[in-house]
Amino acid sequence: MEKQDAIYLIVLFASIPLAHILKILPPGRTKQLFGGVVGFAIAVLVCGWQVFHSLVAATANYLFIRYVSERYNHILSFFFCFGYIGFTRFAYLLGFDHVNSYANIIQLILTVKLVSVAFDIHDRRQRERMLKEGDHDEKVIPRDEYNPDLIGFKMPTTLPLIPDVVEYYSYVYCFVGLLTGPFFRLCAFRHAIWREDAASLPTFWAGFNRLAPFPLYGLVNFLFSKYFPHRFMASSAYAALPYIQRVLYVTPAFIGFRFRYYAGWSLAEAAAVASGIGAYPIETEPAAGKGPTKCIAGTPSGKVSYSAMFNLDVYSIETAKDMRTAIRHWNMSVQWWMMHYIYKRFPVKSFRVFAVWFASAYWHGVHLGYYLCFMSTLLTTIAETLWWQATAVIRKKGDVYDRVVRIIGWFFCYRFFEHLAVGFMLRFADHVFAAWKLTFFFGHSLAVFLILISLVISFVFPKPREPKEKKDQ
């Protein structure tokens, strides 16, 4: 095991009992400080002096929120925080040390937190203004994130619109999710800090269920990473393999790569559940990142859902019929963040998807492999869309036909997923292109093949034309 992974495991395991302590502490300032101080101590421990970068971003963001006009501070926050990510990655050109992996991941997690604070405060101000004017459609008014019917419990009425310094830094550096996610908003942090019944939340079995798959994920990651390391694809020994072995090698390499995330995120989610953050009545149907999605109608059942603290849905990923479905269930809280703060707010609708792809690639890193991966998904998305459209008639012939088509769709999906993920596994453009070239761009070629097959199927099994409606005479 690499030193980096060992430190991650130690911190993640330690976070689970610490999260339980956070949950049972009395509501209020002590609870805030415990989450923030422990998190900052972890950040200093793993980052050393490079924790300075996160402090600069967090402090500048707070000054924007507090002193810059509400018309622009959320926009300034977005560009500054994302710009500062770029600065940390190129700071070595100015004589600074290379940012270590821990400082980098903390900077990523803090960036989505900081931007969400600025935008959420802007939305609350907008809500107050719209309610005062009284002439807006309720559907366009930002919702009240502290409505008891939405969150299932009452919050203090004295909470300020802008958090004070202690609350702000306690949220930003809260140890829950600090190194891995899941992302949660300031309002979710406040809900957990101030709810009166937090200590009695039934978190043990819910947390155990998140933790239970860890041994399997860890074992799979250990075995496949040991015998099929993804870095091998950048070596001359890989180039010396016969073509079919080069193509097949990508499959076990990607298994080891993704199960590493499964293992780490299972620990992170267990800690998140144990903390009580993101715990809401099941009737509110909480979603990852967003929190509650529905107001409670009638008397709540008393059952608690922790769905707001999901990073990924392994079953949905492993059984996905297409890459779009698989990606939608990967890093779900950040996926929601991208949709809510970028996609829905980007001014040019026709470029919204591109804006999300670019922001996601940039957020992950500056290596061109990330961008090559995201750009390649356009081709695979076209191929999979045509496949499911072309096979619609066949799938209606019966369950057996539908099952066969879905298995074939799954097979293509994972071949695309594996070969495009080389961009993430190897990162550097020259390594990525070399690996793709050695397989004759297998993933891309397979997408073209699927497009051609889909066109042939559409010709052989055309959709029945719907009868035209008789015109009134």
# chains A, B, ... in the order shown; residues from 1 in each chain; ligands from 1
>>> residues_around(residues="Gly291 of chain A", least_positions_apart="2", cutoff="10 Å", atoms="only C-alpha atoms", output="ChimeraX atom specification")
/A:145,150-151,184-185,187-188,278-280,284-289,293-294,306-309,333
>>> closest_atom_pairs(of="segment 134-219 of chain A", to="segment 50-58 of chain A", cutoff="10 Å", atoms="only C-alpha atoms", output="JSON lines")
{"residue": "A:Tyr168", "atom": "CA", "partner": "A:Ala58", "partner_atom": "CA", "distance": 8.9}
{"residue": "A:Tyr169", "atom": "CA", "partner": "A:Ala58", "partner_atom": "CA", "distance": 7.8}
{"residue": "A:Val172", "atom": "CA", "partner": "A:Ala58", "partner_atom": "CA", "distance": 7.5}
{"residue": "A:Tyr173", "atom": "CA", "partner": "A:Ser54", "partner_atom": "CA", "distance": 9.3}
>>> write_last_selection(atoms="C-alpha atoms", output="compact mmCIF listing (two decimals), in the first residue's frame")
# COMPACT_ATOMS: atom_id res chain seq x y z
CA TYR A 168 -18.05 29.95 8.61
CA TYR A 169 -14.62 28.41 9.25
CA VAL A 172 -15.43 25.11 5.72
CA TYR A 173 -12.99 22.92 7.68
>>> atom_distance(atom1="atom CA of Gln335 of chain A", atom2="atom CA of Cys81 of chain A")
18.0 Å
>>> closest_residue(among="A:Phe232, A:Phe424, A:Tyr62, A:Phe374", to="Val166 of chain A", atoms="only C-alpha atoms")
A:Tyr62
>>> residues_around(residues="Ser116 of chain A", least_positions_apart="2", cutoff="9 Å", atoms="only C-alpha atoms", output="PyMOL selection string")
chain A and resi 74+78+111-114+118-121+185-186+337+341
>>> closest_residue(among="A:Tyr315, A:Trp205, A:Phe80, A:Trp363", to="Met338 of chain A", atoms="only C-alpha atoms")
A:Trp363
>>> residues_around(residues="segment 235-240 of chain A", least_positions_apart="2", cutoff="12 Å", atoms="only C-alpha atoms", output="list in words")
Phe228, Pro229, His230, Arg231, Phe232, Met233, Pro242, Tyr243, Ile244, Gln245, Arg246, Val247, Leu248, Tyr249, Val250, Leu426, Asp430, His431, Val432, Ala434, Ala435, Trp436, Lys437, Leu438 and Thr439 of chain A
